[in-house]
Amino acid sequence: MLRKIAKYSCLMLATVIMLITAACANTGSPEGGPRDYSHPVMVRCKPAPGTLNFKGNKVEITFDENVNLKDQHKRVIISPASTEPPVIKCLGKKIVVEFRDTLRANTTYVLDFSDAVEDNNEGNVLDDFAVAFSTGDELDSLRISGMVLRAADLEPMQHMLVGIHSNLDDSAFTKLPFYRVTRTNDRGEFTLKGLKAGRYRIYALNDVDGNYTYVRTEDCAWLDEIIVPSTSTYASSDTTFTFDHRVDTVKAATHIEYLPNNLLLSMFNEQYYSLYLRQSSRPADNRIQLLFSGPSPELPRLTVLRPTPTRADWFSLEQRSSRDSLVYWLTDSTLIKSDSLLVRVDHLMTDSLERLSWKQDTLNFVFHKSNAQLKQEADEAKEHHKRLKDMEKLRQRREKLLAEGKPTDEVDDELHLLHLADSVKPPVIKLEMNKPPLGIDDSLFVKAPTPILSIDPTLVHLQQFNATDSLWHDLTIPAMQRAASTSLQRWVLPVRLNGGEQYRFTLDEGAVTSIYHIPNDSTTLDLKVRSEDDYSNLFFDIKGLNGQTAFVELLDGSDKPIRQIPVDDGGKVTILHIDAGTYYARLILDRNNNGKWDTGNYSEYRQPEDVFYYPGKLKLRKNWDVEQTWDLYATAVNLQKSDDIKRNKPENRQGPLERKGNNKKKKNGTDDEDEEEFGTGFGGRRQGTYSGDKYRDATGM
């Protein structure tokens, strides 16, 4: 017994030793430290920032950790620009800039990295980083700041060139490279550094050709006023926070503010295009198409050279809404049957002097049937041949039965069915009509696959269902008409239908006739109109128009206009019958009262039309009226457009607590938890309103 106990004790001791040994051997992977949320810090620069009388050709910047340069060609800019671009290298903790040109004498150089510098591991960005030095006795230190927004929709314009000219002539923008340049960051913000005291004009440019001057095809912006850089001082209480956002210390401080620091440049494209014929095609046997680079002031002239048309009106022209695409529906059967059409086209084209002149092209329009069409024709021919053989066999059988004096009824029925199957049925138009339910503002329409020549009003009927007697009652209706002057295939019935009612829309056989004189088959559509209670109504009271003409666009969640309503003389806008959902709105100051946003023109020194966004979401519910006062100048223009519909979104650079979702603040009376707070300026001072001068006091940075 004692021997057994001793044996078991030895086994237990050995097991414990093995477990301890295994635990010691299995060291595992060491856990990493806390995530790094701090941006790189410059620890050394040769030459030092602010160096005077610099004579070298190389700048070395050293950071406290390994760094990367993100999108170097878009974000980094060295001013003034050199004929030969410097070589910029990123080597571990160093960024090295080597100049290949001799530096200019008595000049301040600014190496502006914007938001390109980030640490190698976590991608933390060093914002607004720049180094300046001078080749002379003075360092120019003034600066101006602002934003570049796209004029049409207030999108932040990222990585655009912003430059100034001390030459105040309008021609400097098109003939001289910028005196001093920078680029906007991913929020559309810019700061031009290293400026002398003086008077400047400021511009923004999408410099496609890289020559620092403007050509008509590039996006551009400018301010009408002359910019005079200056400084001022202001006192503030600077608060230092701990890592978990608790107040650490509060100190009084004096700051230098560089002015102006809230410039707004509204960028646009002049929409200039060189007119030329881009493409010609024949997508079907009965139509040819011409596609131009843009709308032409005059339509081209077409002459068929081969084959010779048998009628003068050999086409019906359909112009697409952009007026750059022209579809010619062939109405001459000779041309339709011909596989090849040789056509002379006389059209306007921009010449080398940028003038419109007539040009003549001879085009060969060839129609090739698709493999599917060829296969279908082959299958139909095969079926036809099979039916002919079957009919011949039935005829022989019938003659035999007659010779034998037997009845032929069964054979006659089979022959009749084969004759019906093989007979050519007259073609009919298959019409497309509304899909129920019908919106309360929708029009009844018909659409044909080919252009409609006419619709007989005596063969079009509209009935309304009467719930009292359960009968359909005929309504007196006007004649149908084309949906638009350029529309050939779509016609509408101009009647107003009552919400919640049932209707029957009927087109008798032959009511519609195509340009090929093919009628429709009889078509009936039963539908119900949606009730007023299914919709929401929106009412705006616009402040700040001061008698200017304007219109409002209701936008969906992708910033796309779904409704356009003019603002009346009293500043009121009424938008009825809106489906429930979340919407946005923008207002266009319509200077020329043409009902659309118009771009600018630098040669005419004309700014684009101003655009304002309603600052927030519009959450609409069924059977609900929403009234909103909209003060155009109550919210800084760069804070108006909701981030939800911005396409050019800035990078996410939140701190550790924000990354965990602790930055959401619920606002009183709303459930918009994800709306941003008001912005702050480079000087840290909040701004929520501006004076109304969009180009001087516009941004809430």
# chains A, B, ... in the order shown; residues from 1 in each chain; ligands from 1

$ residues_around --residues "stretch 297-308 of chain A" --least-positions-apart "3" --cutoff "12 Å" --atoms "only C-alpha atoms" --output "count of residues only"
54

$ residues_around --residues "A:Asp390" --least-positions-apart "6" --cutoff "10 Å" --atoms "only C-alpha atoms" --output "JSON, numbers by chain"
{"A": [384, 414, 415, 418]}

$ select_by_dssp --residues "stretch 72-215 of chain A" --states "strand (DSSP E or B)" --output "PyMOL selection string"
chain A and resi 77-79+87-91+94-98+108-114+117-119+125+129-134+142-150+156+161-165+180-183+189-195+200-205

$ write_last_selection --atoms "C-alpha atoms" --output "PDB file, in the first residue's frame"
ATOM      1  CA  ILE A  77       3.908  72.369 -53.491  1.00  0.00           C
ATOM      2  CA  ILE A  78       7.009  74.533 -53.389  1.00  0.00           C
ATOM      3  CA  SER A  79       6.647  78.249 -53.915  1.00  0.00           C
ATOM      4  CA  VAL A  87      13.274  66.103 -56.294  1.00  0.00           C
ATOM      5  CA  ILE A  88      11.418  65.145 -53.103  1.00  0.00           C
ATOM      6  CA  LYS A  89      12.369  61.926 -51.305  1.00  0.00           C
ATOM      7  CA  CYS A  90      11.002  60.294 -48.175  1.00  0.00           C
ATOM      8  CA  LEU A  91      13.677  58.226 -46.401  1.00  0.00           C
ATOM      9  CA  LYS A  94      13.638  62.138 -43.212  1.00  0.00           C
ATOM     10  CA  ILE A  95      12.145  64.129 -46.044  1.00  0.00           C
ATOM     11  CA  VAL A  96      14.780  65.456 -48.444  1.00  0.00           C
ATOM     12  CA  VAL A  97      14.106  68.199 -51.008  1.00  0.00           C
ATOM     13  CA  GLU A  98      16.782  68.782 -53.654  1.00  0.00           C
ATOM     14  CA  THR A 108      11.326  83.648 -49.544  1.00  0.00           C
ATOM     15  CA  TYR A 109      10.776  79.959 -50.346  1.00  0.00           C
ATOM     16  CA  VAL A 110       7.911  78.010 -48.802  1.00  0.00           C
ATOM     17  CA  LEU A 111       7.882  74.208 -48.809  1.00  0.00           C
ATOM     18  CA  ASP A 112       4.179  73.588 -48.231  1.00  0.00           C
ATOM     19  CA  PHE A 113       3.371  69.945 -47.435  1.00  0.00           C
ATOM     20  CA  SER A 114      -0.271  70.693 -46.547  1.00  0.00           C
ATOM     21  CA  VAL A 117       2.981  64.066 -44.105  1.00  0.00           C
ATOM     22  CA  GLU A 118       1.742  61.061 -42.104  1.00  0.00           C
ATOM     23  CA  ASP A 119       3.388  58.547 -39.815  1.00  0.00           C
ATOM     24  CA  VAL A 125      -1.578  63.222 -40.472  1.00  0.00           C
ATOM     25  CA  PHE A 129       2.874  71.619 -42.298  1.00  0.00           C
ATOM     26  CA  ALA A 130       5.235  74.032 -44.055  1.00  0.00           C
ATOM     27  CA  VAL A 131       8.849  75.181 -43.864  1.00  0.00           C
ATOM     28  CA  ALA A 132      10.052  78.617 -45.026  1.00  0.00           C
ATOM     29  CA  PHE A 133      13.493  80.109 -45.569  1.00  0.00           C
ATOM     30  CA  SER A 134      14.911  83.074 -47.469  1.00  0.00           C
ATOM     31  CA  LEU A 142       2.391  87.317 -44.143  1.00  0.00           C
ATOM     32  CA  ARG A 143      -0.284  84.811 -45.088  1.00  0.00           C
ATOM     33  CA  ILE A 144      -3.890  84.635 -46.270  1.00  0.00           C
ATOM     34  CA  SER A 145      -6.378  81.797 -45.861  1.00  0.00           C
ATOM     35  CA  GLY A 146      -9.731  80.632 -47.108  1.00  0.00           C
ATOM     36  CA  MET A 147     -11.626  77.914 -48.921  1.00  0.00           C
ATOM     37  CA  VAL A 148     -12.341  76.830 -52.487  1.00  0.00           C
ATOM     38  CA  LEU A 149     -15.850  75.504 -53.095  1.00  0.00           C
ATOM     39  CA  ARG A 150     -17.417  74.393 -56.358  1.00  0.00           C
ATOM     40  CA  PRO A 156     -15.010  71.363 -51.231  1.00  0.00           C
ATOM     41  CA  LEU A 161      -3.962  75.196 -56.980  1.00  0.00           C
ATOM     42  CA  VAL A 162      -4.419  78.587 -55.280  1.00  0.00           C
ATOM     43  CA  GLY A 163      -2.159  81.428 -56.376  1.00  0.00           C
ATOM     44  CA  ILE A 164      -1.714  85.186 -56.293  1.00  0.00           C
ATOM     45  CA  HIS A 165      -0.445  87.847 -58.660  1.00  0.00           C
ATOM     46  CA  ARG A 180       3.060  82.504 -54.946  1.00  0.00           C
ATOM     47  CA  VAL A 181       1.097  79.223 -54.873  1.00  0.00           C
ATOM     48  CA  THR A 182      -0.316  76.599 -52.549  1.00  0.00           C
ATOM     49  CA  ARG A 183      -2.863  73.770 -52.734  1.00  0.00           C
ATOM     50  CA  GLU A 189      -9.008  74.912 -47.240  1.00  0.00           C
ATOM     51  CA  PHE A 190      -5.831  76.778 -48.174  1.00  0.00           C
ATOM     52  CA  THR A 191      -3.223  79.028 -46.592  1.00  0.00           C
ATOM     53  CA  LEU A 192      -0.867  81.042 -48.789  1.00  0.00           C
ATOM     54  CA  LYS A 193       2.315  81.675 -46.787  1.00  0.00           C
ATOM     55  CA  GLY A 194       5.468  83.706 -47.275  1.00  0.00           C
ATOM     56  CA  LEU A 195       3.836  86.857 -48.628  1.00  0.00           C
ATOM     57  CA  TYR A 200      -2.660  91.051 -54.787  1.00  0.00           C
ATOM     58  CA  ARG A 201      -5.286  89.320 -56.814  1.00  0.00           C
ATOM     59  CA  ILE A 202      -6.075  85.745 -55.793  1.00  0.00           C
ATOM     60  CA  TYR A 203      -7.130  82.835 -58.002  1.00  0.00           C
ATOM     61  CA  ALA A 204      -7.876  79.109 -57.794  1.00  0.00           C
ATOM     62  CA  LEU A 205      -7.075  76.785 -60.668  1.00  0.00           C
TER      63      LEU A 205
END

$ closest_residue --among "A:Leu471, A:Asp127, A:Leu620, A:Ala152" --to "A:Leu589" --atoms "only C-alpha atoms"
A:Ala152

$ residues_around --residues "A:Ser236" --least-positions-apart "5" --cutoff "8 Å" --atoms "only C-alpha atoms" --output "ChimeraX atom specification"
/A:252-255

$ write_last_selection --atoms "N, CA and C atoms" --output "compact mmCIF listing (two decimals), in the first residue's frame"
# COMPACT_ATOMS: atom_id res chain seq x y z
N ALA A 252 -3.80 82.43 -20.11
CA ALA A 252 -4.06 83.58 -20.97
C ALA A 252 -2.96 83.65 -22.01
N ALA A 253 -3.35 83.97 -23.23
CA ALA A 253 -2.37 83.99 -24.32
C ALA A 253 -2.72 85.10 -25.30
N THR A 254 -1.71 85.56 -26.03
CA THR A 254 -1.90 86.55 -27.09
C THR A 254 -1.52 85.89 -28.41
N HIS A 255 -2.38 86.04 -29.41
CA HIS A 255 -2.16 85.39 -30.70
C HIS A 255 -2.04 86.42 -31.80

$ atom_distance --atom1 "atom CA of A:Gly188" --atom2 "atom CA of A:Leu554"
25.0 Å

$ atom_distance --atom1 "atom CA of A:Pro177" --atom2 "atom CA of A:Asp153"
28.6 Å

$ select_by_dssp --residues "stretch 131-271 of chain A" --states "helix (DSSP H, G or I)" --output "ChimeraX atom specification"
/A:172-175

$ write_last_selection --atoms "C-alpha atoms" --output "compact mmCIF listing (two decimals), in the first residue's frame"
# COMPACT_ATOMS: atom_id res chain seq x y z
CA ALA A 172 -1.92 88.07 -65.61
CA PHE A 173 -4.06 84.99 -64.87
CA THR A 174 -3.83 83.81 -68.47
CA LYS A 175 -0.29 84.94 -69.35

$ closest_residue --among "A:Thr506, A:Asn546, A:Gln489, A:Ser166" --to "A:Asp474" --atoms "only C-alpha atoms"
A:Thr506

$ residues_around --residues "A:Val215" --least-positions-apart "6" --cutoff "12 Å" --atoms "only C-alpha atoms" --output "mmCIF file with C-alpha atoms, in the first residue's frame"
data_model
loop_
_atom_site.group_PDB
_atom_site.id
_atom_site.type_symbol
_atom_site.label_atom_id
_atom_site.label_comp_id
_atom_site.auth_asym_id
_atom_site.auth_seq_id
_atom_site.Cartn_x
_atom_site.Cartn_y
_atom_site.Cartn_z
ATOM 1 C CA SER A 171 -4.432 89.230 -68.250
ATOM 2 C CA ALA A 172 -1.917 88.069 -65.607
ATOM 3 C CA PHE A 173 -4.062 84.988 -64.866
ATOM 4 C CA THR A 174 -3.828 83.807 -68.471
ATOM 5 C CA LYS A 175 -0.295 84.935 -69.348
ATOM 6 C CA LEU A 176 1.909 84.854 -66.231
ATOM 7 C CA LEU A 205 -7.075 76.785 -60.668
ATOM 8 C CA ASN A 206 -7.371 73.133 -61.612
ATOM 9 C CA ASP A 207 -4.064 73.322 -63.423
ATOM 10 C CA VAL A 208 -4.409 70.429 -65.864
ATOM 11 C CA ASP A 209 -1.443 71.393 -68.050
ATOM 12 C CA ASN A 269 -15.802 75.554 -65.414
ATOM 13 C CA GLU A 270 -16.665 77.923 -68.215
ATOM 14 C CA GLN A 271 -18.029 74.892 -70.114
ATOM 15 C CA TYR A 272 -16.153 75.981 -73.166
ATOM 16 C CA TYR A 273 -15.801 73.222 -75.711
ATOM 17 C CA ASN A 601 -16.768 83.507 -67.693
ATOM 18 C CA TYR A 602 -13.328 84.926 -66.965
ATOM 19 C CA SER A 603 -12.905 86.813 -70.253
#

$ residues_around --residues "A:Ser522" --least-positions-apart "5" --cutoff "8 Å" --atoms "only C-alpha atoms" --output "CSV table (one decimal) with C-alpha atoms, in the first residue's frame"
chain,number,residue,atom,x,y,z
A,506,THR,CA,-58.3,53.4,-73.1
A,507,LEU,CA,-56.8,53.7,-76.6
A,508,ASP,CA,-58.8,51.9,-79.2
A,509,GLU,CA,-57.2,50.0,-82.1
A,510,GLY,CA,-55.7,52.5,-84.5
